[in-house]
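See structure below.
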Amino acid sequence: MERTKEKITVIAQAEYPVAEIGNITKKVRGRTLLKNVSFTVESGEICGLLGPNGAGKTTLIRALTGLIRPDSGDIIIGGCSVVREREAAVTNVGAIVESPIFFPYMTGRENLENLALLHPNLPDRAARKRRVNEVLEVVRMDKRADEKIKTYSLGMKQRLGIAQALLGDPELLILDEPANGLDPIGIRELRELILKLKTEFGKTILVSSHLLDELQKICDRIVVIREGELVFAGSRNEMIGDHQSLEDAFVEMMTR
Ligand SMILES: Nc1ncnc2c1ncn2[C@@H]1O[C@H](COP(=O)(O)OP(=O)(O)OP(=O)(O)O)[C@@H](O)[C@H]1O
């Protein structure tokens with residue numbers, strides 16, 4: 001009997017998208033930043049969000065994290081509406097939006113323990129300490145956790161940012177331009193971490209970047225927006241089609 005129940009839960013999880021963006025429009029001072037954007041992010045996938053400068057990627061990510069409210073349409077994350085049940089919906093999301101901000105004179109661990117106070121599912125000190133240890137290990141920052149942030153490289157800060165995003169064990173992890181400013185070693189470490197989060201921890205990840213080679217290496221699906229409108233949503237291989245690379249396909253799509 002118990003086994004049947006477990007099975008049903010697993011099937012149900014796999015059947016529904018982790019995030020459903022349904023026809024969202026956002027206007028600011030008469031200007032349309034997002035226009036009827038719809039797509040889904042499926043469970044366990046890495047979805048790349050692409051678009052030229054000013055396309056609306058960060059605006060879309062701000063809507064997904066509940067920082068701004070769409071004028072129309074809805075976003076459902078983990079079954080909860082960001083518009084109608086904002087708090088419940090955003091507990092299903094962990095995000096780094098551009099470079100994460102930490103207190104430089106505190107250690108990585110102290111910063112995370114502070115941020116863990118914001119999570120309702122980490123009610124006591126022992127639970128917070130345990131979770132902070134876990135996420136530090138996942139991002140391979142456990143050995144440097146007791147050093148001050150001001151001694152960290154950008155790559156280490158980005159990994160700590162991902163650790164912060166994982167604190168609440170979210171269904172959906174959103175990374176806005178996480179590779180910005182990283183050197184090739186930092187980019188490789190970040191790529192390995194993102195892939196590990198998918199394969200070992202089953203995370204669903206939405207990642208925006210202008211580094212199309214990187215997205216080609218890690219993404220299962222691609223969503224492209226331009227001037228606030230969706231121009232493509234499909235598998236990475238569908239997007240590449242007959243082109244040599246994702247970059248070629250993207251440039252062709254943008255100049256068509
Ligand atoms: N609060 C705001 N008020 C007015 N315009 C805004 C506001 N926020 C963003 N914009 C404009 O909306 C457009 C989309 O911005 P957004 O930051 O979402 O683009 P992006 O795709 O993330 O760009 P980039 O790749 O350069 O980071 C830009 O033209 C930007 O100037």
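Scheme for the structure tokens: letters A, B, ... for chains in order shown; per-chain residue numbers from 1; ligand numbers from 1 in order shown.
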Using only C-alpha atoms and all ligand atoms, which residues have at least one atom no more than 7 Å from ligand 1? Output them as an mmCIF file with N, CA and C atoms, in the first residue's frame.
data_model
loop_
_atom_site.group_PDB
_atom_site.id
_atom_site.type_symbol
_atom_site.label_atom_id
_atom_site.label_comp_id
_atom_site.auth_asym_id
_atom_site.auth_seq_id
_atom_site.Cartn_x
_atom_site.Cartn_y
_atom_site.Cartn_z
ATOM 1 N N VAL A 28 6.016 49.320 -17.396
ATOM 2 C CA VAL A 28 6.524 50.309 -16.437
ATOM 3 C C VAL A 28 6.488 51.669 -17.126
ATOM 4 N N ARG A 29 5.831 52.595 -16.507
ATOM 5 C CA ARG A 29 5.658 53.959 -17.046
ATOM 6 C C ARG A 29 5.335 53.943 -18.552
ATOM 7 N N LEU A 33 7.635 45.994 -20.846
ATOM 8 C CA LEU A 33 8.905 45.278 -20.658
ATOM 9 C C LEU A 33 8.748 43.785 -20.941
ATOM 10 N N GLY A 51 18.655 36.181 -24.465
ATOM 11 C CA GLY A 51 18.074 37.349 -25.114
ATOM 12 C C GLY A 51 19.120 38.440 -25.155
ATOM 13 N N PRO A 52 19.036 39.325 -26.142
ATOM 14 C CA PRO A 52 20.022 40.410 -26.205
ATOM 15 C C PRO A 52 19.879 41.362 -25.017
ATOM 16 N N ASN A 53 20.826 42.267 -24.842
ATOM 17 C CA ASN A 53 20.749 43.263 -23.764
ATOM 18 C C ASN A 53 19.402 43.966 -23.824
ATOM 19 N N GLY A 54 18.782 44.103 -22.656
ATOM 20 C CA GLY A 54 17.526 44.847 -22.587
ATOM 21 C C GLY A 54 16.311 44.053 -23.036
ATOM 22 N N ALA A 55 16.481 42.733 -23.275
ATOM 23 C CA ALA A 55 15.356 41.925 -23.775
ATOM 24 C C ALA A 55 14.256 41.751 -22.731
ATOM 25 N N GLY A 56 14.632 41.794 -21.459
ATOM 26 C CA GLY A 56 13.642 41.594 -20.400
ATOM 27 C C GLY A 56 13.921 40.385 -19.517
ATOM 28 N N LYS A 57 15.132 39.829 -19.618
ATOM 29 C CA LYS A 57 15.455 38.604 -18.852
ATOM 30 C C LYS A 57 15.398 38.864 -17.342
ATOM 31 N N THR A 58 16.070 39.945 -16.919
ATOM 32 C CA THR A 58 16.084 40.231 -15.475
ATOM 33 C C THR A 58 14.683 40.594 -14.988
ATOM 34 N N THR A 59 13.933 41.310 -15.824
ATOM 35 C CA THR A 59 12.547 41.648 -15.455
ATOM 36 C C THR A 59 11.746 40.360 -15.246
ATOM 37 N N LEU A 60 11.923 39.407 -16.158
ATOM 38 C CA LEU A 60 11.219 38.130 -16.045
ATOM 39 C C LEU A 60 11.641 37.397 -14.766
#
Nearby residues (only C-alpha atoms) at most 9 Å from Ile96 (chain A), same-chain spacing under 2 positions excluded, as a compact mmCIF listing (two decimals) with N, CA, C and O atoms, in the first residue's frame:
# COMPACT_ATOMS: atom_id res chain seq x y z
N GLY A 94 14.79 29.52 -5.14
CA GLY A 94 16.03 30.06 -4.59
C GLY A 94 16.72 30.77 -5.73
O GLY A 94 16.74 30.26 -6.85
N GLU A 98 22.20 38.50 -10.36
CA GLU A 98 23.53 39.10 -10.53
C GLU A 98 24.41 38.79 -9.32
O GLU A 98 24.22 37.75 -8.70
N SER A 99 25.39 39.65 -8.97
CA SER A 99 26.30 39.22 -7.90
C SER A 99 25.62 39.29 -6.54
O SER A 99 25.06 40.32 -6.17
N PRO A 100 25.66 38.20 -5.79
CA PRO A 100 25.03 38.21 -4.46
C PRO A 100 25.75 39.16 -3.51
O PRO A 100 26.97 39.37 -3.62
N GLN A 158 30.35 33.61 -5.87
CA GLN A 158 29.23 33.08 -6.65
C GLN A 158 28.78 31.74 -6.09
O GLN A 158 27.59 31.46 -6.00
N GLY A 161 26.88 32.31 -3.14
CA GLY A 161 25.56 32.80 -3.55
C GLY A 161 24.63 31.63 -3.87
O GLY A 161 23.45 31.64 -3.51
N ILE A 162 25.17 30.62 -4.53
CA ILE A 162 24.35 29.45 -4.84
C ILE A 162 24.01 28.70 -3.54
O ILE A 162 22.88 28.24 -3.35
N GLN A 164 23.55 30.05 -0.67
CA GLN A 164 22.46 30.85 -0.07
C GLN A 164 21.13 30.51 -0.74
O GLN A 164 20.10 30.34 -0.09
N ALA A 165 21.17 30.39 -2.09
CA ALA A 165 19.93 30.09 -2.82
C ALA A 165 19.40 28.70 -2.48
O ALA A 165 18.21 28.44 -2.61
N LEU A 173 15.73 26.65 -8.88
CA LEU A 173 16.88 27.51 -8.62
C LEU A 173 17.03 28.44 -9.83
O LEU A 173 17.06 27.98 -10.96
N ILE A 174 17.11 29.75 -9.55
CA ILE A 174 17.22 30.71 -10.65
C ILE A 174 18.56 31.43 -10.53
O ILE A 174 18.87 32.03 -9.49
N LEU A 175 19.33 31.37 -11.61
CA LEU A 175 20.65 31.99 -11.60
C LEU A 175 20.71 33.02 -12.72
O LEU A 175 20.62 32.67 -13.90
N ASP A 176 20.80 34.29 -12.34
CA ASP A 176 20.81 35.37 -13.34
C ASP A 176 22.27 35.75 -13.63
O ASP A 176 22.93 36.32 -12.77
N GLU A 177 22.72 35.41 -14.81
CA GLU A 177 24.09 35.71 -15.25
C GLU A 177 25.13 35.32 -14.20
O GLU A 177 25.95 36.14 -13.78
N PRO A 178 25.14 34.05 -13.78
CA PRO A 178 26.04 33.65 -12.69
C PRO A 178 27.51 33.65 -13.09
O PRO A 178 28.37 33.71 -12.20
Exercise for the section: Write out as an NGL selection string which residues come within 10 Å of region 219-235 of chain A when counting only C-alpha atoms, dropping same-chain ones fewer than 2 positions away. Expected result: :A and (24-26 or 32-42 or 44-57 or 59-60 or 194-195 or 205-208 or 214-217 or 237-241 or 246 or 250 or 253-254)
Problem - Selection: 9 Å around Leu64 (chain A), only C-alpha atoms, excl. self and same-chain fewer than 6 positions, as a VMD selection string - result: chain A and resid 19 21 75 to 77 82 90 93 174
May I have the residues from that selection written out with N, CA, C and O atoms, as a PDB file, in the first residue's frame?
ATOM      1  N   ALA A  19       7.697  25.246 -12.991  1.00  0.00           N
ATOM      2  CA  ALA A  19       7.237  26.631 -13.143  1.00  0.00           C
ATOM      3  C   ALA A  19       6.428  26.759 -14.426  1.00  0.00           C
ATOM      4  O   ALA A  19       6.814  26.224 -15.466  1.00  0.00           O
ATOM      5  N   ILE A  21       4.860  29.797 -16.621  1.00  0.00           N
ATOM      6  CA  ILE A  21       4.746  31.239 -16.831  1.00  0.00           C
ATOM      7  C   ILE A  21       3.617  31.398 -17.844  1.00  0.00           C
ATOM      8  O   ILE A  21       3.730  30.939 -18.986  1.00  0.00           O
ATOM      9  N   ILE A  75       2.159  33.330 -12.733  1.00  0.00           N
ATOM     10  CA  ILE A  75       3.318  32.440 -12.671  1.00  0.00           C
ATOM     11  C   ILE A  75       3.017  31.438 -11.563  1.00  0.00           C
ATOM     12  O   ILE A  75       2.742  31.837 -10.427  1.00  0.00           O
ATOM     13  N   ILE A  76       3.025  30.156 -11.921  1.00  0.00           N
ATOM     14  CA  ILE A  76       2.768  29.105 -10.931  1.00  0.00           C
ATOM     15  C   ILE A  76       4.089  28.397 -10.664  1.00  0.00           C
ATOM     16  O   ILE A  76       4.719  27.887 -11.594  1.00  0.00           O
ATOM     17  N   ILE A  77       4.520  28.392  -9.405  1.00  0.00           N
ATOM     18  CA  ILE A  77       5.757  27.688  -9.063  1.00  0.00           C
ATOM     19  C   ILE A  77       5.449  26.676  -7.966  1.00  0.00           C
ATOM     20  O   ILE A  77       4.906  27.040  -6.913  1.00  0.00           O
ATOM     21  N   VAL A  82       2.403  32.968  -7.936  1.00  0.00           N
ATOM     22  CA  VAL A  82       3.234  34.077  -7.443  1.00  0.00           C
ATOM     23  C   VAL A  82       2.383  35.340  -7.262  1.00  0.00           C
ATOM     24  O   VAL A  82       2.655  36.171  -6.411  1.00  0.00           O
ATOM     25  N   VAL A  90       7.087  31.798  -3.439  1.00  0.00           N
ATOM     26  CA  VAL A  90       8.533  32.114  -3.439  1.00  0.00           C
ATOM     27  C   VAL A  90       9.333  31.211  -2.493  1.00  0.00           C
ATOM     28  O   VAL A  90      10.548  31.131  -2.629  1.00  0.00           O
ATOM     29  N   VAL A  93      11.361  28.865  -4.518  1.00  0.00           N
ATOM     30  CA  VAL A  93      12.381  29.423  -5.414  1.00  0.00           C
ATOM     31  C   VAL A  93      13.612  29.859  -4.612  1.00  0.00           C
ATOM     32  O   VAL A  93      13.484  30.488  -3.565  1.00  0.00           O
ATOM     33  N   ILE A 174      17.111  29.746  -9.553  1.00  0.00           N
ATOM     34  CA  ILE A 174      17.222  30.708 -10.650  1.00  0.00           C
ATOM     35  C   ILE A 174      18.556  31.426 -10.533  1.00  0.00           C
ATOM     36  O   ILE A 174      18.867  32.026  -9.495  1.00  0.00           O
TER      37      ILE A 174
END
Handout entry: Close residues, Leu167 (chain A) itself excluded, 9 Å, only C-alpha atoms, min 3 positions apart in chain, as a list in words
Key =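 Everything that qualifies: Gly94, Leu112, Leu115, Ala116, His119, Leu122, Arg128, Arg131, Val132, Glu134, Val135, Ile162, Ala163, Gln164 and Pro170 of chain A.
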Handout entry: Selected residue of minimal separation from Lys203 (chain A) among A:Asn92, A:Ser81, A:Gln244, A:Asn23, counting only C-alpha atoms
Key = A:Asn92
Fill in the blank from the handout: With distances taken over only C-alpha atoms, the candidate from A:Pro70, A:Lys148, A:Ser153, A:Gly108 nearest Asn133 (chain A) is A:Gly108
